[in-house]
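K.L.:
Pasting in a structure now, in structure tokens, and then I'll have a few things to ask.
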Amino acid sequence: MSKNFVVGSLALALMSGAAMSAEPVKTAVLLKPAGVFDGVDGRVHAGWQVLVEGDKIAAAGPGLAAPPTAQVLDLPGATLMPGMIEGHGHLFLHPYNETTWDDQVLHESLALRTARAVAQAKTTLLAGFTTVRDLGTEGAGYADVGLKAAINQGIVPGPRLRVATLAIVALGAYGPKGFEPGVPVPQGAEEATGVDGVVAAARRQIGAGADWVKLYADYRWGPGEDSRPTLSLDELKAAVAAAHDAGRLVAAHAGTAEGMRRAVEAGVNTIEHGSGGTPEVFKAMAAKGIAFCPTLAAPDAIARYRGWNGSEPAPEGVLASRKSFQMALKAGVPICMGGDVGVFAHGQNAREMELMVAAGMKPADVLIAATRGNAKWFALDKQLGAVSPGLFADLIAVEGDPTVDIAAVRKIKMVMKGGARVQ
């Protein structure tokens with residue numbers, strides 16, 4: 001084998017996002033699992049195979065013919081499925097029972113937070129999540145733009161990233177708080193006020209590399225207070241229009257019924273959390289096709305940090321999130337799978353999927369939400385999210401049948417990103 005062949009193969013692997021593996025990318029790979037969950041119809045197709053050529057899926061179905069030079073990878077007992085998409089993550093945060101959010105924002109250096117984010121990106125990829133929508137660095141500036149570039153260039157391993165950079169909050173409405181009034185304190189998002197102010201903030205973030213604009217429609221004005229609306233309807237509408245004009249999508253943090261109502265009227269693309277949602281709000285979301293990301297795992301994790309042992313009845317915050325999720329399901333709202341990872345440990349993303357099933361969503365529907373569904377809501381469905389010819393070969397194999405037991409998605413046997421095996 002010539003030196004040039006080895007160097008060339010390694011370069012191809014790096015360009016395909018396989019920097020964590022020295023295994024050269026084959027021209028073609030035939031994957032032979034026990035069955036294939038394609039992310040579309042909710043079924044596991046027994047006996048299906050998948051042919052990968054380069055970084056794309058070439059064919060999927062029973063009895064495929066592969067080129068004579070193709071590598072054959074047997075995956076007995078495994079279900080092959082699309083790489084999962086984390087819909088609400090924060091790679092620059094780590095669990096709040098390790099370090100409080102305030103202390104992460106105020107006392108952890110940018111270098112430390114970035115190094116941790118690099119490690120957490122790798123952990124996330126190895127857990128089978130080949131794409132992440134990262135909804136804010138929470139005080140780490142535009143470091144997510146740099147992390148995305150490092151992953152794309154093969155410098156560090158990680159999932160495909162769609163980033164929201166700083167996020168936008170109403171002046172005075174975010175944190176950290178609790179300091180001497182008038183003393184400038186670094187904030188976990190960019191503060192803005194007035195129509196011109198929020199438009200300028202949105203454009204600044206887009207210009208710096210934001211794929212998504214994240215708006216806080218409501219939040220706690222003071223420590224210990226309940227959430228209240230923050231950005232006005234006019235401010236939300238103006239920011240959404242600016243983002244959409246730039247070809248960016250908009251996510252709204254909204255936990256109150258009024259915050260959600262304003263976000264819906266403003267035309268956002270997804271609403272996050274929504275624990276105060278009402279049947280009327282969810283009906284309006286369904287009518288407009290606005291996806292709901294319930295983040296059930298975040299209040300669950302926080303309640304456990306405060307001493308809840310998981311027994312019923314659950315704490316009020318956990319029950320409110322479950323109830324709103326069930327209302328959204330009943331109303332036919334598109335469901336995004338995203339757990340607010342960072343509140344709890346990266347790599348444990350499947351926790352949200354398990355809680356969605358426990359709250360009444362069918363395992364197959366949760367799997368679709370985490371694959372084809374999120375790809376659609378994030379305008380990525382022409383590139384990934386399904387086992388379909390022409391899409392990127394972002395594929396995982398899990399032990400067992402996740403349509404029967406959702407916990408099977410924790411049992412990762414193989415991860416492939418862009419046709420290159422990373423596990």
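All residue names refer to the structure tokens as shown: chains lettered A, B, ... in order, residues numbered from 1 in each chain, ligands numbered from 1 in order.
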So that I can see what lies close to range 123-140 of chain A, please list as number ranges by chain the residues with an atom at most 8 Å from it, counting only C-alpha atoms and leaving out residues fewer than 6 positions away in the same chain.

P.N.:
A: 83-93, 105, 110, 113, 157-167, 186-189, 212, 214, 346-349, 394, 396, 409-410, 412, 415, 417, 422-423

K.L.:
Restricted to C-alpha atoms, what would the selected residues look like written as a CSV table (one decimal), in the first residue's frame?

P.N.:
```csv
chain,number,residue,atom,x,y,z
A,83,GLY,CA,-28.7,9.2,13.4
A,84,MET,CA,-30.8,11.0,16.1
A,85,ILE,CA,-31.2,14.8,16.2
A,86,GLU,CA,-31.1,16.6,19.5
A,87,GLY,CA,-33.6,19.4,19.2
A,88,HIS,CA,-32.6,21.5,22.2
A,89,GLY,CA,-29.1,21.3,23.6
A,90,HIS,CA,-26.5,23.5,25.2
A,91,LEU,CA,-23.1,22.1,24.6
A,92,PHE,CA,-21.5,25.0,26.6
A,93,LEU,CA,-23.4,24.0,29.8
A,105,VAL,CA,-21.8,32.0,33.4
A,110,LEU,CA,-14.4,30.7,28.0
A,113,ARG,CA,-16.2,26.1,28.7
A,157,PRO,CA,-15.3,15.0,16.5
A,158,GLY,CA,-18.9,15.9,17.0
A,159,PRO,CA,-22.4,16.1,15.6
A,160,ARG,CA,-23.5,18.4,12.9
A,161,LEU,CA,-24.4,21.7,14.6
A,162,ARG,CA,-27.1,24.2,14.0
A,163,VAL,CA,-26.3,27.1,16.4
A,164,ALA,CA,-28.2,30.0,18.0
A,165,THR,CA,-25.2,31.9,19.4
A,166,LEU,CA,-26.1,34.3,22.3
A,167,ALA,CA,-30.0,34.2,22.1
A,186,PRO,CA,-22.2,39.5,32.4
A,187,GLN,CA,-25.4,38.1,31.1
A,188,GLY,CA,-26.3,34.6,29.7
A,189,ALA,CA,-27.8,36.1,26.5
A,212,TRP,CA,-31.2,30.0,14.4
A,214,LYS,CA,-33.6,32.3,19.7
A,346,HIS,CA,-24.6,15.3,27.6
A,347,GLY,CA,-24.7,11.8,26.2
A,348,GLN,CA,-27.8,11.1,28.2
A,349,ASN,CA,-30.0,12.7,25.5
A,394,ASP,CA,-25.8,9.5,9.2
A,396,ILE,CA,-26.8,4.3,14.0
A,409,VAL,CA,-31.5,3.8,21.8
A,410,ARG,CA,-29.1,3.8,24.7
A,412,ILE,CA,-25.4,1.9,20.6
A,415,VAL,CA,-22.4,5.3,14.8
A,417,LYS,CA,-21.7,10.1,10.2
A,422,VAL,CA,-17.1,6.9,14.3
A,423,GLN,CA,-18.0,3.9,16.5
```

K.L.:
Could you please write out, as a PyMOL selection string, every residue of range 41-268 of chain A that DSSP assigns to strand (DSSP E)?

P.N.:
chain A and resi 44-46+48-53+56-62+71-82+84-89+129-134+160-163+168-170+190-192+212-216+218-220+227-229+249-254

K.L.:
Would you output that residue set with C-alpha atoms, as an mmCIF file, in the first residue's frame?

P.N.:
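out.cif, freshly written:
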```cif
data_model
loop_
_atom_site.group_PDB
_atom_site.id
_atom_site.type_symbol
_atom_site.label_atom_id
_atom_site.label_comp_id
_atom_site.auth_asym_id
_atom_site.auth_seq_id
_atom_site.Cartn_x
_atom_site.Cartn_y
_atom_site.Cartn_z
ATOM 1 C CA VAL A 44 -38.849 -1.783 11.674
ATOM 2 C CA HIS A 45 -38.367 -3.494 8.323
ATOM 3 C CA ALA A 46 -36.958 -6.931 9.001
ATOM 4 C CA TRP A 48 -33.655 -4.721 5.031
ATOM 5 C CA GLN A 49 -30.124 -3.715 4.192
ATOM 6 C CA VAL A 50 -28.576 -0.311 3.511
ATOM 7 C CA LEU A 51 -25.922 0.489 0.933
ATOM 8 C CA VAL A 52 -23.706 3.500 1.605
ATOM 9 C CA GLU A 53 -21.560 5.014 -1.126
ATOM 10 C CA LYS A 56 -24.617 9.255 1.080
ATOM 11 C CA ILE A 57 -27.154 6.468 1.318
ATOM 12 C CA ALA A 58 -27.314 4.774 -2.081
ATOM 13 C CA ALA A 59 -30.087 2.248 -1.460
ATOM 14 C CA ALA A 60 -32.216 0.699 1.264
ATOM 15 C CA GLY A 61 -34.358 -2.403 1.142
ATOM 16 C CA PRO A 62 -34.259 -6.211 1.098
ATOM 17 C CA GLN A 71 -17.227 -3.632 2.717
ATOM 18 C CA VAL A 72 -19.961 -5.754 4.318
ATOM 19 C CA LEU A 73 -20.837 -4.921 7.914
ATOM 20 C CA ASP A 74 -23.009 -7.442 9.722
ATOM 21 C CA LEU A 75 -25.048 -6.078 12.629
ATOM 22 C CA PRO A 76 -26.874 -9.113 14.055
ATOM 23 C CA GLY A 77 -29.690 -8.375 16.473
ATOM 24 C CA ALA A 78 -29.477 -4.661 15.769
ATOM 25 C CA THR A 79 -31.893 -2.106 14.372
ATOM 26 C CA LEU A 80 -30.359 0.355 11.933
ATOM 27 C CA MET A 81 -31.926 3.818 12.020
ATOM 28 C CA PRO A 82 -31.147 7.436 11.145
ATOM 29 C CA MET A 84 -30.784 10.986 16.052
ATOM 30 C CA ILE A 85 -31.209 14.759 16.156
ATOM 31 C CA GLU A 86 -31.054 16.558 19.481
ATOM 32 C CA GLY A 87 -33.571 19.371 19.204
ATOM 33 C CA HIS A 88 -32.633 21.460 22.242
ATOM 34 C CA GLY A 89 -29.113 21.282 23.576
ATOM 35 C CA PHE A 129 -26.953 11.930 18.113
ATOM 36 C CA THR A 130 -25.377 12.930 14.836
ATOM 37 C CA THR A 131 -27.002 16.384 14.711
ATOM 38 C CA VAL A 132 -27.654 18.932 17.472
ATOM 39 C CA ARG A 133 -29.591 22.184 17.483
ATOM 40 C CA ASP A 134 -27.663 24.141 20.090
ATOM 41 C CA ARG A 160 -23.542 18.409 12.865
ATOM 42 C CA LEU A 161 -24.432 21.659 14.619
ATOM 43 C CA ARG A 162 -27.125 24.243 14.050
ATOM 44 C CA VAL A 163 -26.315 27.079 16.423
ATOM 45 C CA ILE A 168 -31.971 37.449 22.687
ATOM 46 C CA VAL A 169 -33.602 38.552 25.926
ATOM 47 C CA ALA A 170 -35.480 41.668 26.995
ATOM 48 C CA GLU A 190 -27.802 39.375 24.551
ATOM 49 C CA GLU A 191 -30.077 42.030 26.027
ATOM 50 C CA ALA A 192 -32.173 44.143 23.667
ATOM 51 C CA TRP A 212 -31.208 30.029 14.408
ATOM 52 C CA VAL A 213 -32.419 33.097 16.237
ATOM 53 C CA LYS A 214 -33.601 32.319 19.749
ATOM 54 C CA LEU A 215 -35.958 34.743 21.484
ATOM 55 C CA TYR A 216 -37.052 34.728 25.108
ATOM 56 C CA ASP A 218 -40.965 35.351 28.744
ATOM 57 C CA TYR A 219 -38.767 34.871 31.788
ATOM 58 C CA ARG A 220 -38.482 35.677 35.485
ATOM 59 C CA SER A 227 -42.218 33.851 34.580
ATOM 60 C CA ARG A 228 -43.942 36.756 32.840
ATOM 61 C CA PRO A 229 -43.941 38.045 29.271
ATOM 62 C CA LEU A 249 -35.526 30.010 11.629
ATOM 63 C CA VAL A 250 -36.683 31.203 15.032
ATOM 64 C CA ALA A 251 -37.055 29.380 18.342
ATOM 65 C CA ALA A 252 -38.944 30.966 21.223
ATOM 66 C CA HIS A 253 -38.369 30.186 24.872
ATOM 67 C CA ALA A 254 -41.895 30.472 26.267
#
```

K.L.:
Counting only C-alpha atoms, what is within 8 Å of range 353-355 of chain A, bar same-chain residues fewer than 4 positions away, as a compact mmCIF listing (two decimals) with N, CA and C atoms, in the first residue's frame?

P.N.:
```
# COMPACT_ATOMS: atom_id res chain seq x y z
N LEU A 296 -39.05 17.84 28.54
CA LEU A 296 -39.51 17.19 29.77
C LEU A 296 -38.36 16.85 30.70
N ALA A 297 -37.21 16.57 30.14
CA ALA A 297 -36.09 16.10 30.96
C ALA A 297 -35.50 17.20 31.84
N MET A 337 -38.19 16.64 19.38
CA MET A 337 -37.54 15.92 20.47
C MET A 337 -36.30 16.70 20.88
N ASN A 349 -28.93 12.11 26.28
CA ASN A 349 -30.01 12.75 25.52
C ASN A 349 -31.27 11.89 25.45
N ALA A 359 -44.91 9.70 29.17
CA ALA A 359 -46.00 10.67 29.22
C ALA A 359 -47.09 10.38 28.20
N VAL A 366 -41.97 8.78 18.91
CA VAL A 366 -40.84 9.47 19.53
C VAL A 366 -39.61 9.32 18.63
N LEU A 367 -39.40 8.13 18.10
CA LEU A 367 -38.26 7.90 17.21
C LEU A 367 -38.36 8.76 15.95
N ILE A 406 -38.09 1.84 24.03
CA ILE A 406 -37.37 3.04 23.63
C ILE A 406 -35.97 3.09 24.23
N ALA A 407 -35.77 2.41 25.35
CA ALA A 407 -34.45 2.42 26.00
C ALA A 407 -33.38 1.75 25.13
```

K.L.:
Write out as a Markdown table a residue-level contact list of range 242-316 of chain A versus range 222-226 of chain A with cut-off 12 Å: for each qualifying residue the closest pair of atoms and the distance in Å to one decimal, counting only C-alpha atoms, rows sorted by chain and residue number upward.

P.N.:
```
| residue | atom | partner | partner_atom | distance |
| --- | --- | --- | --- | --- |
| A:Gly255 | CA | A:Asp226 | CA | 9.9 |
| A:Thr256 | CA | A:Asp226 | CA | 9.3 |
| A:Gly276 | CA | A:Asp226 | CA | 11.1 |
```

K.L.:
Keeping C-alpha atoms, export the residues of the selection given above as a short mmCIF file (atom, residue, chain, number, x, y, z; two decimals), in the first residue's frame.

P.N.:
```cif
data_model
loop_
_atom_site.label_atom_id
_atom_site.label_comp_id
_atom_site.auth_asym_id
_atom_site.auth_seq_id
_atom_site.Cartn_x
_atom_site.Cartn_y
_atom_site.Cartn_z
CA GLY A 255 -43.26 28.95 29.45
CA THR A 256 -46.37 31.08 29.98
CA GLY A 276 -48.00 26.90 30.91
#
```

K.L.:
Would you list the contacts of Lys382 in chain A as a list in words, taking every protein, DNA or RNA residue within 7 Å and counting only C-alpha atoms, but skipping same-chain residues closer than 2 positions in sequence?

P.N.:
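Everything that qualifies: Leu380, Leu384 and Leu391 of chain A.
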
K.L.:
For a quick check of understanding, using only C-alpha atoms, which of A:Thr278, A:Ala284, A:Asp55, A:Leu319 has the smallest distance to Phe392 in chain A?

P.N.:
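Closest candidate: A:Asp55.
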
K.L.:
Identify which of the residues A:Thr403, A:Ser275, A:Gln383, A:Thr193 lies closest to Arg322 in chain A, counting only C-alpha atoms when measuring atom-to-atom distances.

P.N.:
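Closest candidate: A:Ser275.
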
K.L.:
Please determine, counting only C-alpha atoms, which residue among A:Leu231, A:Pro279, A:Ala397, A:Arg248 has the shortest atom-to-atom distance to Ala266 in chain A.

P.N.:
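Ranking A:Leu231, A:Pro279, A:Ala397, A:Arg248 by distance to Ala266 in chain A, first place goes to A:Leu231.
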
K.L.:
Among range 199-291 of chain A, which residues carry a DSSP assignment of alpha helix (DSSP H), reported as a PDB file with C-alpha atoms, in the first residue's frame?

P.N.:
```
ATOM      1  CA  VAL A 199     -33.794  43.614  15.079  1.00  0.00           C
ATOM      2  CA  ALA A 200     -30.222  44.824  15.496  1.00  0.00           C
ATOM      3  CA  ALA A 201     -29.482  41.986  17.939  1.00  0.00           C
ATOM      4  CA  ALA A 202     -30.927  39.395  15.562  1.00  0.00           C
ATOM      5  CA  ARG A 203     -28.884  40.737  12.666  1.00  0.00           C
ATOM      6  CA  ARG A 204     -25.712  40.882  14.768  1.00  0.00           C
ATOM      7  CA  GLN A 205     -26.092  37.258  15.730  1.00  0.00           C
ATOM      8  CA  ILE A 206     -26.913  36.157  12.195  1.00  0.00           C
ATOM      9  CA  GLY A 207     -23.912  38.074  10.896  1.00  0.00           C
ATOM     10  CA  LEU A 233     -45.555  41.300  20.394  1.00  0.00           C
ATOM     11  CA  ASP A 234     -44.143  44.050  18.170  1.00  0.00           C
ATOM     12  CA  GLU A 235     -40.591  43.198  19.258  1.00  0.00           C
ATOM     13  CA  LEU A 236     -41.150  39.494  18.595  1.00  0.00           C
ATOM     14  CA  LYS A 237     -42.705  40.148  15.177  1.00  0.00           C
ATOM     15  CA  ALA A 238     -39.834  42.391  14.148  1.00  0.00           C
ATOM     16  CA  ALA A 239     -37.152  39.908  15.225  1.00  0.00           C
ATOM     17  CA  VAL A 240     -38.929  37.030  13.472  1.00  0.00           C
ATOM     18  CA  ALA A 241     -39.251  39.061  10.271  1.00  0.00           C
ATOM     19  CA  ALA A 242     -35.559  39.978  10.370  1.00  0.00           C
ATOM     20  CA  ALA A 243     -34.567  36.353  10.908  1.00  0.00           C
ATOM     21  CA  HIS A 244     -36.851  35.013   8.198  1.00  0.00           C
ATOM     22  CA  ASP A 245     -35.653  37.661   5.757  1.00  0.00           C
ATOM     23  CA  ALA A 257     -49.595  31.009  28.006  1.00  0.00           C
ATOM     24  CA  GLU A 258     -49.211  34.697  27.073  1.00  0.00           C
ATOM     25  CA  GLY A 259     -45.594  34.301  26.044  1.00  0.00           C
ATOM     26  CA  MET A 260     -46.560  31.340  23.895  1.00  0.00           C
ATOM     27  CA  ARG A 261     -49.531  33.209  22.410  1.00  0.00           C
ATOM     28  CA  ARG A 262     -47.302  36.124  21.396  1.00  0.00           C
ATOM     29  CA  ALA A 263     -44.705  33.768  19.932  1.00  0.00           C
ATOM     30  CA  VAL A 264     -47.374  32.011  17.872  1.00  0.00           C
ATOM     31  CA  GLU A 265     -48.782  35.299  16.577  1.00  0.00           C
ATOM     32  CA  ALA A 266     -45.260  36.492  15.759  1.00  0.00           C
ATOM     33  CA  PRO A 279     -55.605  24.025  24.724  1.00  0.00           C
ATOM     34  CA  GLU A 280     -56.197  27.299  22.866  1.00  0.00           C
ATOM     35  CA  VAL A 281     -52.480  27.997  22.471  1.00  0.00           C
ATOM     36  CA  PHE A 282     -51.743  24.468  21.276  1.00  0.00           C
ATOM     37  CA  LYS A 283     -54.648  24.631  18.824  1.00  0.00           C
ATOM     38  CA  ALA A 284     -53.125  27.800  17.375  1.00  0.00           C
ATOM     39  CA  MET A 285     -49.700  26.148  17.154  1.00  0.00           C
ATOM     40  CA  ALA A 286     -51.155  23.151  15.327  1.00  0.00           C
ATOM     41  CA  ALA A 287     -52.975  25.435  12.875  1.00  0.00           C
ATOM     42  CA  LYS A 288     -49.739  27.259  12.028  1.00  0.00           C
TER      43      LYS A 288
END
```

K.L.:
Name all residues at most 10 Å from range 299-315 of chain A (count only C-alpha atoms; drop same-chain ones fewer than 4 positions away) and give them as a ChimeraX atom specification.

P.N.:
/A:95-98,273,275,295,319-322,339-341,343-345,351-352,355

K.L.:
May I ask which of the residues A:Ala111, A:Leu171, A:Ala117, A:Ala369 is the closest one to Val198 in chain A, counting only C-alpha atoms?

P.N.:
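Looking at the shortest contact to Val198 in chain A, the residue is A:Leu171.
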
K.L.:
To one decimal in Å, tell me the separation between CA of Pro363 in chain A and CA of Lys330 in chain A.

P.N.:
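Result for CA of Pro363 in chain A versus CA of Lys330 in chain A: 16.3 Å, one decimal.
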
K.L.:
What is the CA of Gly419 in chain A-CA of Thr27 in chain A distance in Å, reported with one decimal?

P.N.:
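Those two atoms sit 9.3 Å apart.
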